[in-house]
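A quick write-up on the structure given underneath.
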Amino acid sequence: MKKLSKFVDTRIGFFVLLVVLFWFKTLFAYFTDFSLGVEGIFQFLILIFNPLATTALIYSLAFYFKRARFFYPVIMGLDIANTLLLYLNVIYYREFTDFMTIATMTGYSKVNQGLSGSSLALTNFHDVFYWLDIVIILLLMLFRKIHFDPRAIGSRLAFAFTSMSLVLFGCNLAFGEMSRPQLLGRTFDRNYIVKYLGIDAFTGYDLVKSQHINDMRQSATKSELEKVKKFTDKHYAKANPQMFGIAKGRNVIVIHLESFQQFIIDKKINGQEVTPFLNTLYHSNDTYAFDNFFHQVGQGKTSDAENMLETSTFGLPQGSLFATLGSDNTFQGAPAILNQRAGYTSAVFHGNVASFWNRNNVYKNLGYQYFFDASYYDTSGDKATGYGLKDKLLFKDSIKYLQALQQPFYAKYITVTNHFPYDLDDEDKDPNFQTTNTGDSNVDNYFVTAHYLDQSIQEFFNYLKKSGLYDHSIIMIYGDHYGISNSENTSLASVLGKNADDWTDFDNAQLQRVPLMFVIPNSGGHGHIDHTYGGEIDVLPTLLHLLGISSKRYIQFGTDLFSSQHSQVVAFRNQDFVTPHYTVIGGTVYDNRTGKEAELTKKQQERIKKDHQLVNTELSLSDSLNEKNLLRFYHPKGFKPVNPADYNYSNGLKRAERIERKKGNKSTSLYSENHDQSTENDFSTDAPEQNHSSTDSNRIKITNPDANNK
C-alpha cells in the first residue's frame, strides 16, 4: 500500500491513476448507459481498449508544464473537463440515443432542447460514480494525503508519453478499420466511432469535420446558389398534362425495398417466381412501372437513396450526406413540401434504431412529423434481424400508428429483411420455394429473403384493400440500391443465363437497375411498363406532379419521368453514366445493343461529351448546394423553412391520436373514419414470430452489425 501511495505521489503515478480511473468510468458508461451493439470478442476487446489511447494522449499534455503548481491544476482540469464531456454525452444519450456533436454543444437551441429542463429527470443514482473519484482525489489533495511532486518531467520523457499515446491510438484505429472498413470515411452512425475509438476521438473527429464544413459554408455566397438555380431552371421538365394530378389528394405510401434489384422482377428459380406478388403489381393496369430505372447511390447507400427521393439532390462523393451534413443542412424535402402545399401528415416506419444514418436528426430537418423507429416495436427474440424488425412484423405492428395519422398522409416504410448477408430464420422460409445452388451463399440466400419480402408486401396490400386505404392512396415502390455486389455478379451470371468468363463492366452497370412502381388504383386503368431511362434523382418531381403539385419553384436536379422533356442521361455517383443508347464506364463507351465497346462517329462523340459534361455539372452543383448549405439562401414562394425544434419523435402514437387537422374539425384518421374502431384485425400475417413470447433476456440487439461493407 505504501509503495502504491509513493507511486501516486509521483507525477507519472498521478498521471497513471487518473488515466486508469477515467478508463474505468468510460467502460462503466459503455456497459451501463450506452448501447453500442458490440458483437464478437474482437469488437469487445477494441471497446475495452479504446479509452486508453486518447485519455493518455490528452492527460500527457500536463507533462509539458514543469512547475508543480501548473502541472496538477492542468491535469485535474483535463480530468474534470473529460469527465464532463463523458457525462454530458451520457445525459444526452438517455434522451436522444445519440452522442453530442460540436454543433449540438455550440448551438443554443439544440443544447436547450437536449439538456435543459429535462436534464434532472434524466439523471440516475449511479451517476455519482462519474464524479466520485474526482471528489475523493481533490479531498486527498486538500488534506495532503496526495503530495505534489516538485520534480519536473523532462521534455523528452513528456514527448515519449505523447508519442506512445499516438502509437496506441494508431493501433486502435487500425483494429477498428479491420473490423469496420472505411470507419472514418463512410460513417453510418456515431455509435460506430464511439464503439471503435471512444468519446474523445469521436469529439475530435466531429470537431475537424465540423470545422471543414463551417469553412466551406462561411465562404458560401448567394451567387453560388444562383449558378445552381440557373442550372435547375434550365433543366426543368414540364409535367405531362395527362399524368399531372391523377393522384391529387391521395395518401402517399412509399415502400422502400432494401437491396432489391430489377432483375428479380419476373425472375423464376426452378420454375417458381421469386416475387409473384410484385410481378402481379408490375403488370397491373393500375401500375405505372419503369424497367430502365437505376439507383444512383454512393457510399451512403440507403441514406443516399432516401436523400435523392426526398430532395432530388445527389448524395456526396464520399461518405453519407445524412451522416455528415444532415444534422444541420437546410432541406426542401417531400414531407415539408407536401405538408405546406397540400396539408399532408408525414411519418416513417422503420424497425431499426433511430440514430442509424443519423435519421433521428435528418428526418426533423426534412420536416417529418413522426418517426416510428425500433423503440416503438417489440424486437425481442427472433422478431428482428441485425438490421431491425422483420418485414412482416414491421407492416403488421405499424398499423396502430398508421391508422392514427391524419389523412392525407405521406408514409414511408423502410424494409430491412432483404439486407446483406440475407440471413433468414428457417421458420420464416417458404418450404415450397427452392433457391439457386450457385455455391455463393449470398447469391443463393438473396432470392430467399427477396421472396420473403414479396410475401410481406402482399400481406400489407391485403390490409390496405380490406381497410379501405387502397382506393384512396398512391403506393410508390422502389429499390434503394444493388443487393449483389459487382464482385459477386460473376456468381450470379449463370442464374441470368450468362457466362461468368464473359462478364464485363457493362454487365455490372446494367444490373444497377432497381424497381420503380407507382400503383394508382382507379386511375383509369392506363398503367403500363415505361421504358424511359431515369434514376432516383427523378422520383420527387415525378411524384409531386402526379399529386398535382408543380415542382418548378424548388431546386431539384431530377426531372419528371413522364415528361416529354425528361433528361434520360442517368448519372452515377462516380461520374459514369448511362443513356438509352450508351453506357459510359471509366471512360469506356459501350453500345447498349451489343454490350461491346462502341465505335463512335464524330457526331456521337460530341453527344457523349455533352452528356458527360451534364453529369459532371449536375453532380458538382449538387455537391456545392449541400456542402455549403446553399438552400438557406433560397426561399421559394409559399415555402416556410423547416424548424427541426418543432418535431419530437417520442410518444408518437399519443400525439397522433390527439391531433386534429384543424381546430374544430373532425379527425380524418382512418381510426376515426372507422368509428373509433381499430383496423389492426384487418391485417393478417403468417409470420411465426407473432405467437412467440418475448422477454428482455432474449432481446436482440439491432444496433447495426458491421461485419459487412455493404
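Just remember, in the C-alpha cells the first chain shown is A, the second B, etc., residues are 1-based per chain, and ligands are 1-based in the order shown.
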Hey, what's within 12 Å of Asp33 of chain A if we count only C-alpha atoms and toss same-chain stuff fewer than 4 positions away? As a list in words, please?
Lys25, Thr26, Leu27, Phe28, Ala29, Leu86, Tyr87, Leu88, Asn89, Val90, Ile91, Tyr92, Tyr93, Arg94, Glu95, Thr97, Asp98, Phe99, Leu122, Thr123, Asn124, His126, Asp127 and Tyr130 of chain A
Resulting file, chosen residues, N, CA and C atoms, as a short mmCIF file (atom, residue, chain, number, x, y, z; two decimals), in the first residue's frame:
data_model
loop_
_atom_site.label_atom_id
_atom_site.label_comp_id
_atom_site.auth_asym_id
_atom_site.auth_seq_id
_atom_site.Cartn_x
_atom_site.Cartn_y
_atom_site.Cartn_z
N LYS A 25 -14.29 4.67 -15.76
CA LYS A 25 -15.55 5.43 -15.88
C LYS A 25 -16.13 5.30 -17.29
N THR A 26 -15.24 5.36 -18.26
CA THR A 26 -15.71 5.24 -19.64
C THR A 26 -16.30 3.87 -19.90
N LEU A 27 -15.65 2.82 -19.43
CA LEU A 27 -16.18 1.47 -19.59
C LEU A 27 -17.50 1.32 -18.85
N PHE A 28 -17.60 1.97 -17.70
CA PHE A 28 -18.86 1.95 -16.95
C PHE A 28 -19.99 2.55 -17.80
N ALA A 29 -19.68 3.67 -18.48
CA ALA A 29 -20.68 4.29 -19.36
C ALA A 29 -21.03 3.39 -20.54
N LEU A 86 -17.85 13.31 -20.99
CA LEU A 86 -18.43 11.97 -20.92
C LEU A 86 -19.82 12.02 -20.32
N TYR A 87 -19.97 12.76 -19.24
CA TYR A 87 -21.26 12.79 -18.54
C TYR A 87 -22.34 13.50 -19.36
N LEU A 88 -21.98 14.57 -20.05
CA LEU A 88 -22.95 15.24 -20.91
C LEU A 88 -23.44 14.31 -22.01
N ASN A 89 -22.54 13.49 -22.53
CA ASN A 89 -22.94 12.51 -23.53
C ASN A 89 -23.86 11.45 -22.94
N VAL A 90 -23.60 11.07 -21.70
CA VAL A 90 -24.47 10.11 -21.02
C VAL A 90 -25.89 10.67 -20.91
N ILE A 91 -26.00 11.92 -20.44
CA ILE A 91 -27.31 12.56 -20.30
C ILE A 91 -28.00 12.70 -21.65
N TYR A 92 -27.24 13.16 -22.63
CA TYR A 92 -27.79 13.37 -23.97
C TYR A 92 -28.25 12.04 -24.58
N TYR A 93 -27.46 11.00 -24.36
CA TYR A 93 -27.78 9.69 -24.92
C TYR A 93 -29.08 9.14 -24.33
N ARG A 94 -29.31 9.40 -23.06
CA ARG A 94 -30.53 8.91 -22.42
C ARG A 94 -31.78 9.51 -23.05
N GLU A 95 -31.63 10.73 -23.54
CA GLU A 95 -32.78 11.41 -24.14
C GLU A 95 -32.91 11.11 -25.63
N THR A 97 -30.66 8.88 -27.58
CA THR A 97 -29.95 7.69 -28.06
C THR A 97 -28.92 8.07 -29.11
N ASP A 98 -28.17 9.11 -28.80
CA ASP A 98 -27.18 9.63 -29.73
C ASP A 98 -26.11 10.36 -28.93
N PHE A 99 -25.01 10.72 -29.59
CA PHE A 99 -23.91 11.41 -28.94
C PHE A 99 -23.89 12.88 -29.34
N LEU A 122 -33.30 13.12 -16.21
CA LEU A 122 -32.50 12.13 -16.92
C LEU A 122 -31.36 11.57 -16.08
N THR A 123 -31.18 12.11 -14.90
CA THR A 123 -30.10 11.62 -14.04
C THR A 123 -30.51 10.31 -13.36
N ASN A 124 -29.50 9.50 -13.05
CA ASN A 124 -29.71 8.24 -12.33
C ASN A 124 -28.84 8.22 -11.08
N HIS A 126 -26.77 6.03 -10.12
CA HIS A 126 -25.39 5.58 -10.34
C HIS A 126 -24.50 6.65 -10.96
N ASP A 127 -25.09 7.81 -11.32
CA ASP A 127 -24.28 8.89 -11.90
C ASP A 127 -23.20 9.38 -10.94
N TYR A 130 -19.55 8.73 -11.75
CA TYR A 130 -18.79 9.52 -12.72
C TYR A 130 -17.98 10.62 -12.04
#
What are the nearest atom pairs, with distances in Å to one decimal, for all residues of segment 464-540 of chain A that come at most 12 Å from segment 447-460 of chain A, using only C-alpha atoms, set out by chain and rising residue number as a Markdown table?
| residue | atom | partner | partner_atom | distance |
| --- | --- | --- | --- | --- |
| A:Leu464 | CA | A:Phe460 | CA | 6.3 |
| A:Lys465 | CA | A:Phe460 | CA | 8.8 |
| A:Lys466 | CA | A:Phe460 | CA | 9.9 |
| A:Ser467 | CA | A:Phe460 | CA | 10.5 |
| A:Leu469 | CA | A:Phe460 | CA | 10.9 |
| A:Tyr470 | CA | A:Phe460 | CA | 10.1 |
| A:Ile475 | CA | A:Phe460 | CA | 11.2 |
| A:Ile477 | CA | A:Ile457 | CA | 10.0 |
| A:Gly479 | CA | A:Ala450 | CA | 11.4 |
| A:Gly483 | CA | A:Ala450 | CA | 10.0 |
| A:Ile484 | CA | A:Phe447 | CA | 10.5 |
| A:Leu492 | CA | A:Phe447 | CA | 11.0 |
| A:Val495 | CA | A:Phe447 | CA | 11.0 |
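With only C-alpha atoms as the atoms that count, the minimum distance from Phe71 of chain A to the choices A:Phe24, A:Phe420, A:Phe15, A:Tyr288 is reached by A:Phe15.
Between Asp676 of chain A and the residues A:Val8, A:Ala404, A:Ala334, A:Leu168, the shortest atom-to-atom distance, using only C-alpha atoms, involves A:Ala404.
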I want to know what sits within 10 Å of segment 651-655 of chain A, based on only C-alpha atoms, with residues of the same chain fewer than 5 positions away left out; could you give that as an mmCIF file with N, CA and C atoms, in the first residue's frame?
data_model
loop_
_atom_site.group_PDB
_atom_site.id
_atom_site.type_symbol
_atom_site.label_atom_id
_atom_site.label_comp_id
_atom_site.auth_asym_id
_atom_site.auth_seq_id
_atom_site.Cartn_x
_atom_site.Cartn_y
_atom_site.Cartn_z
ATOM 1 N N ALA A 347 -44.861 10.542 -41.933
ATOM 2 C CA ALA A 347 -44.345 9.583 -40.951
ATOM 3 C C ALA A 347 -43.440 8.573 -41.636
ATOM 4 N N GLN A 369 -43.013 14.574 -39.427
ATOM 5 C CA GLN A 369 -43.678 14.832 -38.152
ATOM 6 C C GLN A 369 -43.584 13.648 -37.197
ATOM 7 N N TYR A 370 -43.499 12.436 -37.741
ATOM 8 C CA TYR A 370 -43.429 11.238 -36.917
ATOM 9 C C TYR A 370 -42.335 10.313 -37.442
ATOM 10 N N PHE A 371 -41.649 9.677 -36.511
ATOM 11 C CA PHE A 371 -40.657 8.655 -36.863
ATOM 12 C C PHE A 371 -40.834 7.501 -35.887
ATOM 13 N N PHE A 372 -41.420 6.424 -36.391
ATOM 14 C CA PHE A 372 -41.653 5.235 -35.571
ATOM 15 C C PHE A 372 -40.495 4.266 -35.795
ATOM 16 N N TYR A 376 -40.481 1.731 -30.931
ATOM 17 C CA TYR A 376 -41.938 1.605 -30.971
ATOM 18 C C TYR A 376 -42.404 0.159 -31.208
ATOM 19 N N LYS A 400 -51.252 0.183 -35.903
ATOM 20 C CA LYS A 400 -51.802 1.018 -34.832
ATOM 21 C C LYS A 400 -51.321 2.457 -34.936
ATOM 22 N N TYR A 401 -50.169 2.654 -35.581
ATOM 23 C CA TYR A 401 -49.659 4.010 -35.794
ATOM 24 C C TYR A 401 -50.206 4.609 -37.086
ATOM 25 N N LEU A 402 -50.239 3.810 -38.140
ATOM 26 C CA LEU A 402 -50.721 4.287 -39.434
ATOM 27 C C LEU A 402 -52.169 4.747 -39.351
ATOM 28 N N GLN A 403 -53.001 3.979 -38.663
ATOM 29 C CA GLN A 403 -54.422 4.307 -38.608
ATOM 30 C C GLN A 403 -54.711 5.577 -37.807
ATOM 31 N N ALA A 404 -53.729 6.041 -37.021
ATOM 32 C CA ALA A 404 -53.914 7.251 -36.215
ATOM 33 C C ALA A 404 -53.490 8.516 -36.947
ATOM 34 N N LEU A 405 -52.820 8.380 -38.109
ATOM 35 C CA LEU A 405 -52.353 9.551 -38.843
ATOM 36 C C LEU A 405 -53.512 10.270 -39.520
ATOM 37 N N GLU A 660 -55.892 16.948 -34.382
ATOM 38 C CA GLU A 660 -56.878 17.043 -35.446
ATOM 39 C C GLU A 660 -56.329 17.974 -36.513
#
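Among the candidates A:Arg359, A:Arg573, A:Lys498, A:Lys268, the residue lying nearest to Glu618 of chain A is A:Arg573 (atoms considered: only C-alpha atoms).
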With distances taken over only C-alpha atoms, which residue among A:Ala500, A:Ile193, A:Val589, A:Phe409 lies nearest Thr668 of chain A?
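Answer, going by the shortest atom-to-atom distance: A:Phe409.
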Residues near segment 383-392 of chain A, anyone? I mean within 8 Å using only C-alpha atoms, not counting same-chain ones fewer than 2 positions away, as a count of residues only.
32
Please return as number ranges by chain: the residues of segment 93-257 of chain A that backbone DSSP assigns to strand (DSSP E or B).
A: 251-257
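Using only C-alpha atoms, the protein and nucleic acid residues lying no more than 8 Å from Thr579 of chain A, apart from those fewer than 2 places from it along its own chain, are Tyr533, Gln568, Val569, Val570, Phe577, His581, Tyr582 and Thr583 of chain A.
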Which of these residues is nearest to His295 of chain A, using only C-alpha atoms: A:Arg341, A:Arg607, A:Arg513, A:His283?
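Ranking A:Arg341, A:Arg607, A:Arg513, A:His283 by distance to His295 of chain A, first place goes to A:Arg513.
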Go through A:Tyr463, A:Tyr344, A:Tyr363, A:Tyr671 and flag the residue nearest Asn643 of chain A, using only C-alpha atoms for the distances.
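Smallest distance to Asn643 of chain A is found for A:Tyr363.
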In Å, rounded to a single decimal, give me how far atom CA of Leu511 of chain A is from atom CA of Leu316 of chain A.
22.0 Å
